[in-house]
Amino acid sequence: MAATAIHRFPQHKYVDAVRWLPQLSPFDRFAVLALFDFDSDASSIQIHSLTPNPFSFQPQFSSSLPSRISSLKTSHFLLKPLIVASTAAGSLHFIFADSSYSSLDSEVSVPEGALHSVPASSVDLMDGGVECVTVGEDGKVNMVGVGDSNLSYRRLFDSGGLVSYTAVRWASPMEFATGGYGFSLQWWDQRKPGGPVSQFKGNWDKKMSSGIVHSIDIHPSRKHTCLAGGSLGSVFAWDLRWQQQPIILSGAGNTMVQSISESEVWEVQYDRCIKSNASSSRILPSMICSEDGILAVIEQGEEPVELLAEPCAINSFDIDRHNPLDVICSLEWEAVAILTRQ
Amino acid sequence: MPSDTVGNGALVPFSGDPPAVYPLHHGLAPPIRRLSISWSRGNSLRLSLFAAAATKVVEVKLTAEDPEISDAHWRRIAYGSVAPFALLQSRRSSLSALLKTPSPYHSDWWENVLQYSKEIGSLLGGSKLPPSPIIEDSNTIVKSGEEPTSMKAAWELIEIFYVDKQSQAWLPERLVDWLADYDSLFTSTYETIHGKLVDFQKELVNIQISHFLLEPHSIWHQVIEDDPRYWDLLSSALSVGWLEIVVKMLRLHGSYQLDQLSNREYHCAFQAQLNVKSKTIAVTVSKFHLENGLVEAVAVLISKMPRLCPESVGKFGEFYKSKPDFIKPWEKWRLQITKLDCSPIWIQCDNQQTREGLRNLLQIMLGNTDSLCMATCYWIELYISHFLYIRPFTMGIESMYNLAQKCIQLKPQSNTHRLARLMIGILEENTEVVLAECSREFGPWLVAHAIELLTAGSEQAEILLHEERYNLGGISIVELHRLVYAQILSSHTLTWQIAPIYLTSCMKQGMGLLENLLSRQSVQHNNVLLKNIEICRLYELDHISSNIMKIAGVYRWKHGHKGAGVFWLQQAEDASCLDRIAQQLFDSVGKSISDESFKQWEGMIELLGSESKHAGGLEFLHKYRDFKKSLQKVSGRKSTDTARQAVGSLILLMKNPSTPQRFWLPLLYDSLKLLNWKDCPLLSVSETNLLLNKLQDLSLAKLRPHYSEPNLPSDALSSIRLALATNLGRAILDE
């Protein structure tokens, strides 16, 4: 891959998560940061605007939240940008920005304790922002419906703590996938309540220990394949049609594939920028970020391509939907990096 | 706070500095009935205040923020110095492995250290001002840019003396540059040339504006040379070698303003009530040209000063890299100055201020001690001026120290700036004093990182700093300062994870403190926990990570996240703990693993995996699930094969020592249908005997205390016995 321009922007606060915001006009680009100030215990989300010439990344406005953000997603709802954040205290916040991202339009939230008990929970927002699914380490699975001005929520499942969920991703308006301890994945269908419709716990190599799934992605064109990233640098795909055998793309102590990282893979997303043969049976290329500071693109059967190697962890990243060449990522050392691929 | 009335109000008498006062913002209505104080993280105190109606906990941070560098900026420096530090350590260890000597001191080592020093120095902010724009605005004499920090000044000073071997030959010139960059820092303690220049510049603007308002056609230039401060500042700036500023200021001299050329003379003439004749004008003009010629001659001499250093952009002078090349031009230049100084032309210069001012500049360049002493404000400035004009060939630190002593005597000051103290320590060649000054004035970060510089060029310092000392508990000075810095890093949530880099570079106590640090981290949040385990993996601290995982497992178990608890205990391979929590789990299993709640258990049992190695007593759950599943199949169909499979599972369960005794009876009761299978006996004679023996064991166990009766119908036992006996009979017949 050709040269990549990298810009780093110190934030003076810990950046828990970072997302691009939907682009509403061709000239303005915005990203949202989940920030936490350890000195004052203050948590906030901050919207930044990005201008290319000269390259700058300036805060537009910020809104404080009651506790540290554990999961952050963006979408749009009725043509308004929508940000959803779940906090470590278990509350869930929906923040509507106005279309120029210069101020906060409104905020609705589900209070602490209604959805999850502590600690962290994970959340995913359906495209178009009608429904939001939240899962937590407490083993609860909730659906939150976003109305015009109100929220409605219901519990889909409660494992009573016997199973914890650490990641969630919509597959279709009715189906979603969750991930948890022991590299387990679950497939759910809202029409079939009472538990997951399918479970995956692969037959991993006996010698290696197991880990936690931190992130899941599902490609809109291949809903039967669930891409997961987690401990030990592992990135694997679970094809619902081949239930018990994972397709290992990286890590997990596997010598058959090249591993780019050996530590926690915090986030995984399909890389929309690389055009792959759609009819190919191979897993589509994906991007990962890891605890040992790697941001890389992984393609089945190819050598991984490293985009960034930092001396600190990369906590999260996001590929811009409208300009998939642009990637934003949050660095553990209180900074944000923006990459522009050529 | 109400003070105790004993003595002067202090419980413990204070000596020395007055105590620092920290105001509390608790917002509680008085009276406060109770106050409890404990240490919080780092340098913070946690105060719990109890008033009548409410209580409040506040944290008080004891160290005030460094006024020069904010906390957030400090963290950036700490983050940024990790990579250069780690690189230097790894180079050091690979080099000493290569040379098979403990000390990596050899001729090229300083180049590595210099690279490290440059990287660290760049973190301290303020890349120097861009050299090119010698500001077009004629009023700007002193460039103002990012404020320099004392930290950077200290770092560069150490670098100049200890590391940069390449520029050792032009050490005096490097000090000139250093002072030019950091003279402003001394303004807080002394009067400085920089400070005077800034003040003068402010006034320049005012003069210009007021003159412009009064007489729109004349400008202030006409009077600048009449201002004694103008000449005063010129000589000061020249004395410390700020040639660009001097030349620029000289060009502000009124004689350059040819369009206004004789404005001044007219003015004088008018005041003297003289008849202005054309001849007088001509004379004035020619004198004016003469004056301008003198100013220009001095400006040219200044800008052609030979200097013993490599060329750099935007700097005035003629540059020579080596001493032999330098001597001749230097002498020639001095000769030119002497010539000009002795020239009779000065008599023709009427303007007294200009004449005296310019000749004073010449005296400075000729190295007149009195002029230098007059021109400079404090000893470092005087010291630098000596290097420039009296002893440009100075080499060797010993003579430098003597010279410094002399300058201090000439410019005695009541209090000393911290950078001046550091400089004296360096010139004294006393490594311990330098370290002590760094530590006291600039803090642990600087000491921990600057120690690498101190040992760069001197084997002696290397030995001094690396030798193990009894009074430090067997560690070296280097290790002590690294440990102190690591402690500070450890006390903050955001920086604790870089402390291991420093701790692992400490041979004696580093690993112990690292284990301590890792064991102390919270296990509550997965990201901290996983980071912790990752660090353990990097440094091969398996025993620590397994301990951490145990704690994490128990924490999650206690908070009701049973699955996560089991996962971590499995990772820790803690069979005994798993066994114990298994007993608790079985209590709920017996009741809840009924068919409808099976979904909940399914995930948990999946987690345990088919492998029972690390499952401890929980292995039973897996087999129990298999048995239940096959039993469910049997109830649906009447196939003997599925029933045989179920019996297989039952026998496996009953044979397995990890199957808890209290499950024996319920298991057998659940299997009554199998025992009474219509088509054929499903259990062989030996299998039946096994189950009968188990029943026998149970009746013995009943006699022991702590036996709990399973919740089964009263005739359960007898119906099991009957079924077993029947099966035994049929099996004997079959065989």
# chains A, B, ... in the order shown; residues from 1 in each chain; ligands from 1
call {"tool": "interface_residues", "arguments": {"of": "chain B", "to": "chain A", "cutoff": "8 Å", "atoms": "only C-alpha atoms", "output": "PDB file with N, CA, C and O atoms, in the first residue's frame"}}
result
ATOM      1  N   ALA B  72      -1.093  17.712  32.325  1.00  0.00           N
ATOM      2  CA  ALA B  72      -1.360  17.003  31.065  1.00  0.00           C
ATOM      3  C   ALA B  72      -0.121  17.049  30.176  1.00  0.00           C
ATOM      4  O   ALA B  72       0.221  16.064  29.523  1.00  0.00           O
ATOM      5  N   HIS B  73       0.562  18.214  30.203  1.00  0.00           N
ATOM      6  CA  HIS B  73       1.787  18.321  29.418  1.00  0.00           C
ATOM      7  C   HIS B  73       2.863  17.405  29.968  1.00  0.00           C
ATOM      8  O   HIS B  73       3.599  16.755  29.232  1.00  0.00           O
ATOM      9  N   ARG B  76       2.417  14.039  28.695  1.00  0.00           N
ATOM     10  CA  ARG B  76       2.890  13.896  27.313  1.00  0.00           C
ATOM     11  C   ARG B  76       4.395  13.702  27.272  1.00  0.00           C
ATOM     12  O   ARG B  76       4.908  12.918  26.477  1.00  0.00           O
ATOM     13  N   TYR B  79       5.047  10.135  28.375  1.00  0.00           N
ATOM     14  CA  TYR B  79       4.760   9.170  27.304  1.00  0.00           C
ATOM     15  C   TYR B  79       5.868   9.198  26.259  1.00  0.00           C
ATOM     16  O   TYR B  79       6.372   8.170  25.829  1.00  0.00           O
ATOM     17  N   ALA B  83       9.881   5.712  24.619  1.00  0.00           N
ATOM     18  CA  ALA B  83      10.537   5.036  23.494  1.00  0.00           C
ATOM     19  C   ALA B  83      12.037   5.340  23.421  1.00  0.00           C
ATOM     20  O   ALA B  83      12.830   4.406  23.319  1.00  0.00           O
ATOM     21  N   THR B 493      -3.292   6.898  37.349  1.00  0.00           N
ATOM     22  CA  THR B 493      -4.019   5.896  36.567  1.00  0.00           C
ATOM     23  C   THR B 493      -3.546   5.818  35.131  1.00  0.00           C
ATOM     24  O   THR B 493      -3.634   4.767  34.501  1.00  0.00           O
ATOM     25  N   LEU B 494      -3.103   6.942  34.586  1.00  0.00           N
ATOM     26  CA  LEU B 494      -2.755   6.931  33.169  1.00  0.00           C
ATOM     27  C   LEU B 494      -1.300   6.571  32.917  1.00  0.00           C
ATOM     28  O   LEU B 494      -0.940   6.207  31.819  1.00  0.00           O
ATOM     29  N   GLN B 524     -11.197  -4.839  38.493  1.00  0.00           N
ATOM     30  CA  GLN B 524     -12.619  -4.629  38.256  1.00  0.00           C
ATOM     31  C   GLN B 524     -12.957  -4.484  36.770  1.00  0.00           C
ATOM     32  O   GLN B 524     -13.925  -5.042  36.293  1.00  0.00           O
ATOM     33  N   HIS B 525     -12.145  -3.729  36.048  1.00  0.00           N
ATOM     34  CA  HIS B 525     -12.465  -3.483  34.641  1.00  0.00           C
ATOM     35  C   HIS B 525     -11.596  -4.333  33.735  1.00  0.00           C
ATOM     36  O   HIS B 525     -10.393  -4.446  33.942  1.00  0.00           O
ATOM     37  N   LEU B 530      -6.780  -6.820  31.527  1.00  0.00           N
ATOM     38  CA  LEU B 530      -6.110  -7.425  30.375  1.00  0.00           C
ATOM     39  C   LEU B 530      -4.752  -6.782  30.125  1.00  0.00           C
ATOM     40  O   LEU B 530      -3.799  -7.450  29.746  1.00  0.00           O
ATOM     41  N   LYS B 531      -4.687  -5.473  30.371  1.00  0.00           N
ATOM     42  CA  LYS B 531      -3.397  -4.782  30.215  1.00  0.00           C
ATOM     43  C   LYS B 531      -2.387  -5.333  31.217  1.00  0.00           C
ATOM     44  O   LYS B 531      -1.237  -5.614  30.888  1.00  0.00           O
ATOM     45  N   GLU B 534      -1.238  -8.629  30.164  1.00  0.00           N
ATOM     46  CA  GLU B 534      -0.341  -8.461  29.018  1.00  0.00           C
ATOM     47  C   GLU B 534       1.076  -8.089  29.481  1.00  0.00           C
ATOM     48  O   GLU B 534       2.070  -8.617  28.970  1.00  0.00           O
ATOM     49  N   GLY B 560     -21.696 -11.897  40.995  1.00  0.00           N
ATOM     50  CA  GLY B 560     -22.787 -12.540  40.258  1.00  0.00           C
ATOM     51  C   GLY B 560     -22.492 -12.792  38.796  1.00  0.00           C
ATOM     52  O   GLY B 560     -23.358 -13.280  38.082  1.00  0.00           O
ATOM     53  N   HIS B 561     -21.294 -12.440  38.333  1.00  0.00           N
ATOM     54  CA  HIS B 561     -20.966 -12.765  36.950  1.00  0.00           C
ATOM     55  C   HIS B 561     -20.265 -14.114  36.939  1.00  0.00           C
ATOM     56  O   HIS B 561     -19.055 -14.220  36.826  1.00  0.00           O
ATOM     57  N   LYS B 562     -21.111 -15.159  37.097  1.00  0.00           N
ATOM     58  CA  LYS B 562     -20.567 -16.491  37.352  1.00  0.00           C
ATOM     59  C   LYS B 562     -19.737 -16.997  36.192  1.00  0.00           C
ATOM     60  O   LYS B 562     -18.651 -17.551  36.371  1.00  0.00           O
ATOM     61  N   GLY B 563     -20.237 -16.750  34.979  1.00  0.00           N
ATOM     62  CA  GLY B 563     -19.520 -17.242  33.798  1.00  0.00           C
ATOM     63  C   GLY B 563     -18.130 -16.638  33.714  1.00  0.00           C
ATOM     64  O   GLY B 563     -17.138 -17.341  33.530  1.00  0.00           O
ATOM     65  N   ALA B 564     -18.074 -15.305  33.891  1.00  0.00           N
ATOM     66  CA  ALA B 564     -16.779 -14.625  33.808  1.00  0.00           C
ATOM     67  C   ALA B 564     -15.871 -15.115  34.931  1.00  0.00           C
ATOM     68  O   ALA B 564     -14.669 -15.314  34.732  1.00  0.00           O
ATOM     69  N   PHE B 567     -14.471 -18.395  33.984  1.00  0.00           N
ATOM     70  CA  PHE B 567     -13.476 -18.220  32.916  1.00  0.00           C
ATOM     71  C   PHE B 567     -12.122 -17.853  33.500  1.00  0.00           C
ATOM     72  O   PHE B 567     -11.097 -18.463  33.190  1.00  0.00           O
ATOM     73  N   GLN B 571      -8.606 -19.850  33.600  1.00  0.00           N
ATOM     74  CA  GLN B 571      -7.365 -19.325  33.050  1.00  0.00           C
ATOM     75  C   GLN B 571      -6.240 -19.424  34.065  1.00  0.00           C
ATOM     76  O   GLN B 571      -5.094 -19.665  33.718  1.00  0.00           O
ATOM     77  N   LYS B 599     -31.345 -23.222  28.832  1.00  0.00           N
ATOM     78  CA  LYS B 599     -30.700 -22.266  27.925  1.00  0.00           C
ATOM     79  C   LYS B 599     -29.659 -21.433  28.659  1.00  0.00           C
ATOM     80  O   LYS B 599     -28.600 -21.118  28.123  1.00  0.00           O
ATOM     81  N   GLN B 600     -29.979 -21.049  29.880  1.00  0.00           N
ATOM     82  CA  GLN B 600     -29.056 -20.224  30.641  1.00  0.00           C
ATOM     83  C   GLN B 600     -27.772 -20.970  30.950  1.00  0.00           C
ATOM     84  O   GLN B 600     -26.685 -20.424  30.887  1.00  0.00           O
ATOM     85  N   TRP B 601     -27.948 -22.244  31.266  1.00  0.00           N
ATOM     86  CA  TRP B 601     -26.773 -23.035  31.651  1.00  0.00           C
ATOM     87  C   TRP B 601     -25.923 -23.421  30.451  1.00  0.00           C
ATOM     88  O   TRP B 601     -24.726 -23.615  30.579  1.00  0.00           O
ATOM     89  N   GLY B 603     -24.743 -21.869  27.916  1.00  0.00           N
ATOM     90  CA  GLY B 603     -23.572 -21.040  27.626  1.00  0.00           C
ATOM     91  C   GLY B 603     -22.452 -21.287  28.609  1.00  0.00           C
ATOM     92  O   GLY B 603     -21.285 -21.394  28.231  1.00  0.00           O
ATOM     93  N   MET B 604     -22.841 -21.399  29.859  1.00  0.00           N
ATOM     94  CA  MET B 604     -21.852 -21.637  30.909  1.00  0.00           C
ATOM     95  C   MET B 604     -21.150 -22.973  30.702  1.00  0.00           C
ATOM     96  O   MET B 604     -19.918 -23.087  30.822  1.00  0.00           O
ATOM     97  N   GLU B 606     -20.902 -24.576  27.890  1.00  0.00           N
ATOM     98  CA  GLU B 606     -20.063 -24.441  26.699  1.00  0.00           C
ATOM     99  C   GLU B 606     -18.713 -23.857  27.066  1.00  0.00           C
ATOM    100  O   GLU B 606     -17.680 -24.269  26.566  1.00  0.00           O
ATOM    101  N   LEU B 607     -18.756 -22.898  27.955  1.00  0.00           N
ATOM    102  CA  LEU B 607     -17.540 -22.212  28.373  1.00  0.00           C
ATOM    103  C   LEU B 607     -16.559 -23.200  28.997  1.00  0.00           C
ATOM    104  O   LEU B 607     -15.354 -23.100  28.811  1.00  0.00           O
TER     105      LEU B 607
END
call {"tool": "select_by_dssp", "arguments": {"residues": "segment 384-518 of chain B", "states": "helix (DSSP H, G or I)", "output": "MDAnalysis selection string"}}
result
chainID B and resid 384:389 397:410 418:427 431:454 459:466 470:472 477:490 496:503 510:518
call {"tool": "atom_distance", "arguments": {"atom1": "atom CA of Asn292 of chain B", "atom2": "atom CA of Ser255 of chain B"}}
result
5.1 Å
call {"tool": "residues_around", "arguments": {"residues": "segment 334-350 of chain B", "least_positions_apart": "5", "cutoff": "10 Å", "atoms": "only C-alpha atoms", "output": "number ranges by chain"}}
result
B: 284, 287-292, 294, 297-298, 301-302, 305-306, 328-329, 355-356, 358-363, 365-367, 389
call {"tool": "write_last_selection", "arguments": {"atoms": "C-alpha atoms", "output": "PDB file, in the first residue's frame"}}
result
ATOM      1  CA  THR B 284      25.870  69.538   8.529  1.00  0.00           C
ATOM      2  CA  LYS B 287      28.993  65.598   9.067  1.00  0.00           C
ATOM      3  CA  PHE B 288      25.848  63.650   8.984  1.00  0.00           C
ATOM      4  CA  HIS B 289      27.297  61.395   6.331  1.00  0.00           C
ATOM      5  CA  LEU B 290      30.398  60.965   8.435  1.00  0.00           C
ATOM      6  CA  GLU B 291      28.337  59.945  11.427  1.00  0.00           C
ATOM      7  CA  ASN B 292      26.441  57.482   9.343  1.00  0.00           C
ATOM      8  CA  LEU B 294      30.966  55.479  11.480  1.00  0.00           C
ATOM      9  CA  ALA B 297      31.571  50.810   9.901  1.00  0.00           C
ATOM     10  CA  VAL B 298      30.892  49.519  13.400  1.00  0.00           C
ATOM     11  CA  LEU B 301      32.703  45.088  11.903  1.00  0.00           C
ATOM     12  CA  ILE B 302      30.172  43.530  14.219  1.00  0.00           C
ATOM     13  CA  MET B 305      33.074  38.994  13.743  1.00  0.00           C
ATOM     14  CA  PRO B 306      34.965  35.704  13.369  1.00  0.00           C
ATOM     15  CA  LYS B 328      44.302  34.557  11.967  1.00  0.00           C
ATOM     16  CA  PRO B 329      40.951  36.116  11.047  1.00  0.00           C
ATOM     17  CA  ARG B 355      30.593  59.032  19.419  1.00  0.00           C
ATOM     18  CA  GLU B 356      30.793  57.660  22.908  1.00  0.00           C
ATOM     19  CA  LEU B 358      30.115  53.622  19.253  1.00  0.00           C
ATOM     20  CA  ARG B 359      33.503  53.753  20.943  1.00  0.00           C
ATOM     21  CA  ASN B 360      32.109  51.839  23.874  1.00  0.00           C
ATOM     22  CA  LEU B 361      30.981  49.163  21.444  1.00  0.00           C
ATOM     23  CA  LEU B 362      34.523  49.003  20.136  1.00  0.00           C
ATOM     24  CA  GLN B 363      35.824  48.628  23.687  1.00  0.00           C
ATOM     25  CA  MET B 365      34.768  44.017  21.116  1.00  0.00           C
ATOM     26  CA  LEU B 366      38.318  44.672  22.244  1.00  0.00           C
ATOM     27  CA  GLY B 367      37.515  42.850  25.470  1.00  0.00           C
ATOM     28  CA  TYR B 389      35.763  38.827  23.660  1.00  0.00           C
TER      29      TYR B 389
END
call {"tool": "select_by_dssp", "arguments": {"residues": "segment 15-132 of chain B", "states": "strand (DSSP E)", "output": "PyMOL selection string"}}
result
chain B and resi 32-39+44-51+55-61
call {"tool": "residues_around", "arguments": {"residues": "Ser250 of chain A", "least_positions_apart": "5", "cutoff": "12 Å", "atoms": "only C-alpha atoms", "output": "number ranges by chain"}}
result
A: 227-237, 255-265, 268, 285-288, 296-304
call {"tool": "residues_around", "arguments": {"residues": "Lys406 of chain B", "least_positions_apart": "2", "cutoff": "12 Å", "atoms": "only C-alpha atoms", "output": "list of chain:residue names"}}
result
B:Thr369, B:Cys373, B:Trp379, B:Ile380, B:Leu382, B:Tyr383, B:His386, B:Ser399, B:Met400, B:Tyr401, B:Asn402, B:Leu403, B:Ala404, B:Ile408, B:Gln409, B:Leu410, B:Lys411, B:Pro412
call {"tool": "write_last_selection", "arguments": {"atoms": "N, CA and C atoms", "output": "PDB file, in the first residue's frame"}}
result
ATOM      1  N   THR B 369      37.523  44.773  30.102  1.00  0.00           N
ATOM      2  CA  THR B 369      36.807  44.133  31.207  1.00  0.00           C
ATOM      3  C   THR B 369      35.777  45.049  31.840  1.00  0.00           C
ATOM      4  N   CYS B 373      31.812  44.397  32.053  1.00  0.00           N
ATOM      5  CA  CYS B 373      31.172  44.308  33.357  1.00  0.00           C
ATOM      6  C   CYS B 373      30.000  45.285  33.445  1.00  0.00           C
ATOM      7  N   TRP B 379      26.065  37.340  36.525  1.00  0.00           N
ATOM      8  CA  TRP B 379      27.348  36.689  36.253  1.00  0.00           C
ATOM      9  C   TRP B 379      27.370  35.818  35.013  1.00  0.00           C
ATOM     10  N   ILE B 380      26.267  35.168  34.689  1.00  0.00           N
ATOM     11  CA  ILE B 380      26.330  34.288  33.515  1.00  0.00           C
ATOM     12  C   ILE B 380      26.518  35.119  32.251  1.00  0.00           C
ATOM     13  N   LEU B 382      28.037  37.982  32.093  1.00  0.00           N
ATOM     14  CA  LEU B 382      29.436  38.421  32.106  1.00  0.00           C
ATOM     15  C   LEU B 382      30.365  37.293  31.662  1.00  0.00           C
ATOM     16  N   TYR B 383      30.032  36.114  32.153  1.00  0.00           N
ATOM     17  CA  TYR B 383      30.795  34.905  31.848  1.00  0.00           C
ATOM     18  C   TYR B 383      30.822  34.670  30.333  1.00  0.00           C
ATOM     19  N   HIS B 386      32.952  37.104  28.479  1.00  0.00           N
ATOM     20  CA  HIS B 386      34.368  36.768  28.552  1.00  0.00           C
ATOM     21  C   HIS B 386      34.761  35.788  27.455  1.00  0.00           C
ATOM     22  N   SER B 399      39.638  25.632  33.574  1.00  0.00           N
ATOM     23  CA  SER B 399      39.774  27.077  33.455  1.00  0.00           C
ATOM     24  C   SER B 399      38.392  27.729  33.393  1.00  0.00           C
ATOM     25  N   MET B 400      37.430  26.994  32.871  1.00  0.00           N
ATOM     26  CA  MET B 400      36.075  27.545  32.809  1.00  0.00           C
ATOM     27  C   MET B 400      35.517  27.776  34.206  1.00  0.00           C
ATOM     28  N   TYR B 401      35.838  26.854  35.107  1.00  0.00           N
ATOM     29  CA  TYR B 401      35.327  26.996  36.467  1.00  0.00           C
ATOM     30  C   TYR B 401      35.960  28.205  37.152  1.00  0.00           C
ATOM     31  N   ASN B 402      37.294  28.369  36.960  1.00  0.00           N
ATOM     32  CA  ASN B 402      37.964  29.516  37.570  1.00  0.00           C
ATOM     33  C   ASN B 402      37.373  30.826  37.056  1.00  0.00           C
ATOM     34  N   LEU B 403      37.118  30.848  35.767  1.00  0.00           N
ATOM     35  CA  LEU B 403      36.538  32.049  35.179  1.00  0.00           C
ATOM     36  C   LEU B 403      35.159  32.331  35.782  1.00  0.00           C
ATOM     37  N   ALA B 404      34.378  31.266  35.959  1.00  0.00           N
ATOM     38  CA  ALA B 404      33.046  31.444  36.547  1.00  0.00           C
ATOM     39  C   ALA B 404      33.157  32.033  37.947  1.00  0.00           C
ATOM     40  N   ILE B 408      31.448  35.488  39.226  1.00  0.00           N
ATOM     41  CA  ILE B 408      30.519  35.543  40.353  1.00  0.00           C
ATOM     42  C   ILE B 408      30.977  36.615  41.346  1.00  0.00           C
ATOM     43  N   GLN B 409      32.302  36.689  41.516  1.00  0.00           N
ATOM     44  CA  GLN B 409      32.815  37.727  42.426  1.00  0.00           C
ATOM     45  C   GLN B 409      32.534  39.128  41.890  1.00  0.00           C
ATOM     46  N   LEU B 410      32.641  39.269  40.578  1.00  0.00           N
ATOM     47  CA  LEU B 410      32.414  40.591  39.987  1.00  0.00           C
ATOM     48  C   LEU B 410      30.943  40.983  40.031  1.00  0.00           C
ATOM     49  N   LYS B 411      30.074  39.997  39.971  1.00  0.00           N
ATOM     50  CA  LYS B 411      28.633  40.284  39.968  1.00  0.00           C
ATOM     51  C   LYS B 411      27.960  39.499  41.090  1.00  0.00           C
ATOM     52  N   PRO B 412      28.211  39.872  42.313  1.00  0.00           N
ATOM     53  CA  PRO B 412      27.602  39.107  43.414  1.00  0.00           C
ATOM     54  C   PRO B 412      26.086  39.306  43.453  1.00  0.00           C
TER      55      PRO B 412
END
call {"tool": "residues_around", "arguments": {"residues": "Ser121 of chain A", "least_positions_apart": "3", "cutoff": "10 Å", "atoms": "only C-alpha atoms", "output": "NGL selection string"}}
result
:A and (69-71 or 85-92 or 115-118 or 134-141 or 164-168)
call {"tool": "atom_distance", "arguments": {"atom1": "atom CA of Leu472 of chain B", "atom2": "atom CA of Gln509 of chain B"}}
result
11.4 Å
call {"tool": "closest_residue", "arguments": {"among": "B:Cys309, B:Leu717, B:Leu24, B:Ile498", "to": "Gln696 of chain B", "atoms": "only C-alpha atoms"}}
result
B:Leu717
call {"tool": "atom_distance", "arguments": {"atom1": "atom CA of Asp679 of chain B", "atom2": "atom CA of Leu653 of chain B"}}
result
23.8 Å
